[in-house]
Each structure stands twice: as structure tokens, then as C-alpha cells.
file my_file_33.txt (compact mmCIF, C-alpha atoms)
# COMPACT_ATOMS: atom_id res chain seq x y z
CA MET M 285 0.00 0.00 0.00
CA GLY M 286 2.96 2.27 0.39
CA ASP M 287 3.79 4.85 2.98
CA MET M 288 0.56 6.36 4.31
CA SER M 289 2.17 8.74 6.75
CA SER M 290 4.25 11.80 6.23
CA PRO M 291 6.86 12.29 8.92
CA LEU M 292 7.78 15.85 9.67
CA PRO M 293 11.24 17.22 9.00
CA LYS M 294 13.20 17.39 12.27
CA GLN M 295 13.18 21.18 12.44
CA GLN M 296 9.36 21.25 12.22
CA GLN M 297 8.46 18.36 14.49
CA HIS M 298 7.58 20.19 17.64
CA GLU M 299 7.11 23.78 16.54
CA THR M 300 4.43 22.99 13.92
CA TYR M 301 1.90 21.88 16.52
CA ASP M 302 0.83 25.03 18.29
CA GLU M 303 -2.37 23.38 19.39
CA PHE M 304 -1.01 21.11 22.11
CA PRO M 305 -3.25 20.95 25.17
CA PRO M 306 -2.66 23.53 27.93
CA GLU M 307 -0.87 20.87 30.02
CA TRP M 308 2.01 21.03 27.53
CA ALA M 309 3.26 24.21 29.26
CA ASP M 310 3.07 22.66 32.76
CA ASP M 311 6.43 20.99 33.45
CA GLU M 312 5.18 19.03 36.47
CA ARG M 313 2.15 17.64 34.64
CA MET M 314 4.22 16.80 31.56
CA CYS M 315 6.81 15.02 33.71
CA PHE M 316 4.01 12.73 34.88
CA LEU M 317 2.56 12.29 31.37
CA PHE M 318 6.02 11.52 29.93
CA SER M 319 6.72 8.85 32.56
CA ALA M 320 6.27 5.15 31.82
CA PHE M 321 3.06 3.33 32.68
CA LYS M 322 3.05 0.94 35.62
CA HIS M 323 3.15 -2.71 34.52
CA ASN M 324 -0.45 -3.20 35.54
CA ARG M 325 -3.39 -0.78 35.38
CA GLU M 326 -4.67 -2.00 38.76
CA VAL M 327 -1.60 -0.53 40.51
CA ASN M 328 -3.06 2.95 39.99
CA CYS M 329 -5.97 3.05 37.57
CA THR M 330 -6.44 6.83 37.99
CA ASP M 331 -2.90 7.59 36.79
CA TRP M 332 -3.17 5.00 34.01
CA ASP M 333 -6.50 6.36 32.76
CA SER M 334 -5.28 9.95 33.02
CA LYS M 335 -2.35 9.19 30.71
CA MET M 336 -4.55 7.26 28.27
CA ASP M 337 -7.12 10.07 28.23
CA PHE M 338 -4.38 12.58 27.43
CA TRP M 339 -2.34 10.71 24.80
CA GLY M 340 -5.07 8.84 22.89
CA PRO M 341 -7.03 11.89 21.74
CA LEU M 342 -3.80 13.83 21.18
CA ILE M 343 -2.52 11.13 18.82
CA VAL M 344 -5.76 11.22 16.81
CA ARG M 345 -5.82 15.03 16.71
CA THR M 346 -2.17 15.22 15.68
CA CYS M 347 -2.73 12.75 12.83
CA ARG M 348 -5.77 14.74 11.73
CA GLN M 349 -3.71 17.97 11.75
CA ARG M 350 -0.97 16.26 9.70
CA GLY M 351 -3.50 14.91 7.22
CA ALA M 352 -2.26 11.37 7.91
CA VAL M 353 -4.29 8.27 8.67
CA CYS M 354 -1.22 6.28 9.71
CA VAL M 355 1.44 6.82 12.31
CA THR M 356 4.39 4.97 13.86
CA LEU M 357 5.74 5.02 17.39
CA GLN M 358 8.93 6.57 16.04
CA GLU M 359 6.97 9.45 14.47
CA LEU M 360 5.03 10.01 17.68
CA ASN M 361 8.27 10.12 19.67
CA GLN M 362 9.57 12.80 17.29
CA ILE M 363 6.35 14.81 17.26
CA PHE M 364 5.91 14.76 21.02
CA HIS M 365 9.58 15.40 21.81
CA ARG M 366 9.72 18.00 24.59
CA LYS M 367 12.67 19.51 26.42
CA GLY M 368 15.08 16.74 25.43
CA SER M 369 12.81 13.79 26.16
CA PHE M 370 9.96 11.82 24.66
CA PRO M 371 6.97 10.11 26.28
CA LEU M 372 7.93 6.70 27.65
CA GLY M 373 4.40 5.32 27.62
CA LEU M 374 3.39 5.78 23.98
CA GLY M 375 3.83 2.06 23.25
CA THR M 376 1.31 1.30 25.99
CA VAL M 377 -1.05 3.94 24.61
CA ILE M 378 -0.80 2.40 21.12
CA GLN M 379 -1.53 -1.06 22.57
CA GLY M 380 -4.58 0.32 24.39
CA MET M 381 -5.83 2.06 21.27
CA VAL M 382 -5.40 -1.16 19.27
CA ARG M 383 -7.24 -3.13 21.95
CA HIS M 384 -10.16 -0.66 21.84
CA GLY M 385 -10.31 -0.57 18.04
CA ARG M 386 -9.01 2.99 17.66
CA LEU M 387 -5.83 1.89 15.85
CA GLN M 388 -5.04 -1.10 13.67
CA LYS M 389 -1.75 -2.30 12.24
CA GLU M 390 -1.50 -1.08 8.66
CA SER M 391 -0.68 -4.60 7.46
CA GLU M 392 -3.81 -6.03 9.10
CA PHE M 393 -5.95 -3.18 7.80
CA ALA M 394 -4.72 -3.70 4.25
CA ALA M 395 -5.41 -7.44 4.49
CA ASN M 396 -8.94 -6.80 5.75
CA VAL M 397 -9.90 -4.16 3.19
CA ASP M 398 -10.65 -6.72 0.52
CA SER M 399 -12.54 -9.01 2.89
CA GLY M 400 -15.35 -6.52 3.57
CA TRP M 401 -16.65 -4.55 6.53
CA LEU M 402 -18.34 -7.51 8.24
CA SER M 403 -15.14 -9.52 8.28
CA TRP M 404 -13.24 -6.43 9.44
CA GLY M 405 -15.74 -5.95 12.29
CA VAL M 406 -15.35 -9.55 13.44
CA GLY M 407 -11.58 -9.09 13.43
CA LEU M 408 -11.93 -5.85 15.35
CA LEU M 409 -14.34 -7.14 18.00
CA LEU M 410 -13.26 -10.77 18.40
CA VAL M 411 -9.90 -11.64 16.89
CA ARG M 412 -7.91 -8.57 17.95
CA PRO M 413 -8.85 -8.74 21.67
CA LEU M 414 -7.98 -12.43 21.67
CA LYS M 415 -4.58 -11.76 20.04
CA TRP M 416 -3.93 -8.96 22.53
CA THR M 417 -4.81 -11.19 25.49
CA LEU M 418 -2.52 -13.97 24.27
CA SER M 419 0.38 -11.61 23.53
CA THR M 420 -0.01 -10.01 26.97
CA LEU M 421 -0.04 -13.38 28.70
CA LEU M 422 2.93 -14.59 26.68
CA GLY M 423 4.84 -11.34 27.15
CA THR M 424 5.20 -10.37 23.47
CA SER M 425 3.49 -7.00 23.66
CA ARG M 426 6.23 -4.56 22.57
CA VAL M 427 5.39 -2.00 19.90
CA PRO M 428 8.06 -1.82 17.18
CA LEU M 429 9.19 1.74 16.40
CA GLU M 430 8.59 1.34 12.65
CA GLU M 431 5.23 -0.50 12.79
CA SER M 432 2.63 1.64 11.05
CA TYR M 433 -0.84 1.95 12.61
CA VAL M 434 -4.02 3.14 10.90
CA VAL M 435 -6.16 5.60 12.89
CA ILE M 436 -9.59 4.03 12.40
CA GLU M 437 -11.57 7.18 13.25
CA LEU M 438 -9.79 9.10 10.49
CA VAL M 439 -10.35 6.30 7.97
CA LYS M 440 -14.07 6.40 8.80
CA VAL M 441 -14.13 10.17 8.21
CA ARG M 442 -12.38 9.74 4.87
CA HIS M 443 -14.75 6.90 4.01
CA ARG M 444 -17.79 9.12 4.58
CA PHE M 445 -16.15 11.88 2.55
CA ALA M 446 -15.28 9.52 -0.30
CA LYS M 447 -18.74 7.96 -0.24
CA CYS M 448 -20.25 11.37 -0.88
CA TYR M 449 -18.04 11.88 -3.90
CA THR M 450 -17.97 8.39 -5.37
CA LEU M 451 -20.09 8.54 -8.49
CA GLU M 452 -18.42 5.91 -10.67
CA GLU M 453 -19.25 2.83 -8.60
CA PRO M 454 -21.54 3.58 -5.64
CA GLY M 455 -20.81 1.31 -2.71
CA LYS M 456 -17.31 0.45 -3.91
CA ILE M 457 -14.45 2.55 -2.66
CA ASN M 458 -10.85 2.58 -3.79
CA PHE M 459 -9.03 2.65 -0.45
CA SER M 460 -5.87 4.04 -1.99
CA PHE M 461 -7.86 7.30 -2.22
CA PHE M 462 -7.85 7.61 1.59
CA PHE M 463 -4.13 7.73 1.84
CA LYS M 464 -3.69 10.42 -0.80
CA LEU M 465 -5.90 13.10 0.79
call {"tool": "encode", "arguments": {"input": "my_file_33.txt", "output": "C-alpha cells"}}
result
Amino acid sequence: MGDMSSPLPKQQQHETYDEFPPEWADDERMCFLFSAFKHNREVNCTDWDSKMDFWGPLIVRTCRQRGAVCVTLQELNQIFHRKGSFPLGLGTVIQGMVRHGRLQKESEFAANVDSGWLSWGVGLLLVRPLKWTLSTLLGTSRVPLEESYVVIELVKVRHRFAKCYTLEEPGKINFSFFFKL
């Protein structure tokens, strides 16, 4: 499918995003948000949820601002670089977003495009949680820096947009269109 993301040049990574949340200016809050997650949510679910609630929507918003439907952990580390450091918990955030159907590996998304929305939904609601549970139990839950993830919410927006403008073959969408917008 090709590269669906567009990484920012190093000199523009941080300065381009003027619309970071107000917490971005608060060094104490950002120190907490940049720290790693505890190994288990039950240790402190309030802290865990606070980090997830901050980073998840920020990832989606940043991708929307960039005009990208895909992102890698490496790109996120570059984009969210602040005062010489990067967030240590972004891998955990990505895993959580995958588990909740907000992100999907680009390779899995591409494989499911041809199989239809019903098959994709079954994969999203049944297969993915099962894979996540097994990988967590077996300890293989690291997020590779270069693995590309599709932001499902942004694909849905582009799908609705494309559906409005698809006149040639109603009901059939060329998914390569999404990644060129």
C-alpha cells in the first residue's frame, strides 16, 4: 500500500503543533505524562486512565492535523519530543488504542480491506482482543518503532467523505484514495 504517513522534518516536528493541550506548558504535569506506565493498570488506575485520556485523543488530533491516517511510534516520539525527552508510555497507549479498536496495524488493515466490513468488524471485535490477550499473557506485547498503525476514526471520516463523492461505482471505494488526501 505504500507509505501512508508523512513524517515531519526534524526542524518542524515540535514547533508545527501550536495546538497542544494547555498541560504542555506545565512541566510538572508533563513530567508525569512523559513517565512510563506501571506494569499493571490496577496498581493505579487513575494515573493510568489519566495518561490514556491525554495521549489517545492527542494522537488522533495530531494525525488529523498532519492529514495522515497512519502513524508509527517513532513518528510520535519525534512529534511529542519535549525539552530533550519523549513520552515513555506511547507504546502502551498504542496497545490500548489497538485493543479498543481505535488503531489497527497497517498490514492487518490492508489485508482486511478486501474481505469486507463484516469480516473487518469480526476481526476488530473478536480476533484482535484475543490476540492482545494472548500476547499479553505470553509477554510479546512490545510495539516496534517502525510499525505503522491506521487511525480508524480518520479512515471512517475519509470513508464518509469519499462515499459522498464516489459517483463511478456507488458502494465500492478505492481505499488508496484515503491515503492520498
call {"tool": "atom_distance", "arguments": {"input": "my_file_33.txt", "atom1": "CA of His384 (chain M)", "atom2": "CA of Asp337 (chain M)"}}
result
12.9 Å
call {"tool": "atom_distance", "arguments": {"input": "my_file_33.txt", "atom1": "CA of Gly373 (chain M)", "atom2": "CA of Val439 (chain M)"}}
result
24.6 Å
call {"tool": "atom_distance", "arguments": {"input": "my_file_33.txt", "atom1": "CA of Ile363 (chain M)", "atom2": "CA of Asp333 (chain M)"}}
result
21.8 Å
call {"tool": "residues_around", "arguments": {"input": "my_file_33.txt", "residues": "Arg366 (chain M)", "least_positions_apart": "5", "cutoff": "10 Å", "atoms": "all atoms listed in the file", "output": "ChimeraX atom specification"}}
result
/M:298,308,311,314,318,361,371
call {"tool": "closest_residue", "arguments": {"input": "my_file_33.txt", "among": "M:Arg386, M:Arg426, M:Arg325, M:Arg348", "to": "Leu374 (chain M)", "atoms": "only C-alpha atoms"}}
result
M:Arg426
call {"tool": "closest_residue", "arguments": {"input": "my_file_33.txt", "among": "M:Thr346, M:Gln388, M:Ser334, M:Gln358", "to": "Gly375 (chain M)", "atoms": "all atoms listed in the file"}}
result
M:Gln358
call {"tool": "residues_around", "arguments": {"input": "my_file_33.txt", "residues": "Thr376 (chain M)", "least_positions_apart": "2", "cutoff": "9 Å", "atoms": "only C-alpha atoms", "output": "number ranges by chain"}}
result
M: 320-321, 336, 372-374, 378-381, 425-427
call {"tool": "write_last_selection", "arguments": {"input": "my_file_33.txt", "atoms": "C-alpha atoms", "output": "PDB file, in the coordinates of the input"}}
result
ATOM      1  CA  ALA M 320       6.270   5.150  31.820  1.00  0.00           C
ATOM      2  CA  PHE M 321       3.060   3.330  32.680  1.00  0.00           C
ATOM      3  CA  MET M 336      -4.550   7.260  28.270  1.00  0.00           C
ATOM      4  CA  LEU M 372       7.930   6.700  27.650  1.00  0.00           C
ATOM      5  CA  GLY M 373       4.400   5.320  27.620  1.00  0.00           C
ATOM      6  CA  LEU M 374       3.390   5.780  23.980  1.00  0.00           C
ATOM      7  CA  ILE M 378      -0.800   2.400  21.120  1.00  0.00           C
ATOM      8  CA  GLN M 379      -1.530  -1.060  22.570  1.00  0.00           C
ATOM      9  CA  GLY M 380      -4.580   0.320  24.390  1.00  0.00           C
ATOM     10  CA  MET M 381      -5.830   2.060  21.270  1.00  0.00           C
ATOM     11  CA  SER M 425       3.490  -7.000  23.660  1.00  0.00           C
ATOM     12  CA  ARG M 426       6.230  -4.560  22.570  1.00  0.00           C
ATOM     13  CA  VAL M 427       5.390  -2.000  19.900  1.00  0.00           C
TER      14      VAL M 427
END
call {"tool": "closest_residue", "arguments": {"input": "my_file_33.txt", "among": "M:Val353, M:Leu360, M:Lys335, M:Lys322", "to": "Val441 (chain M)", "atoms": "all atoms listed in the file"}}
result
M:Val353
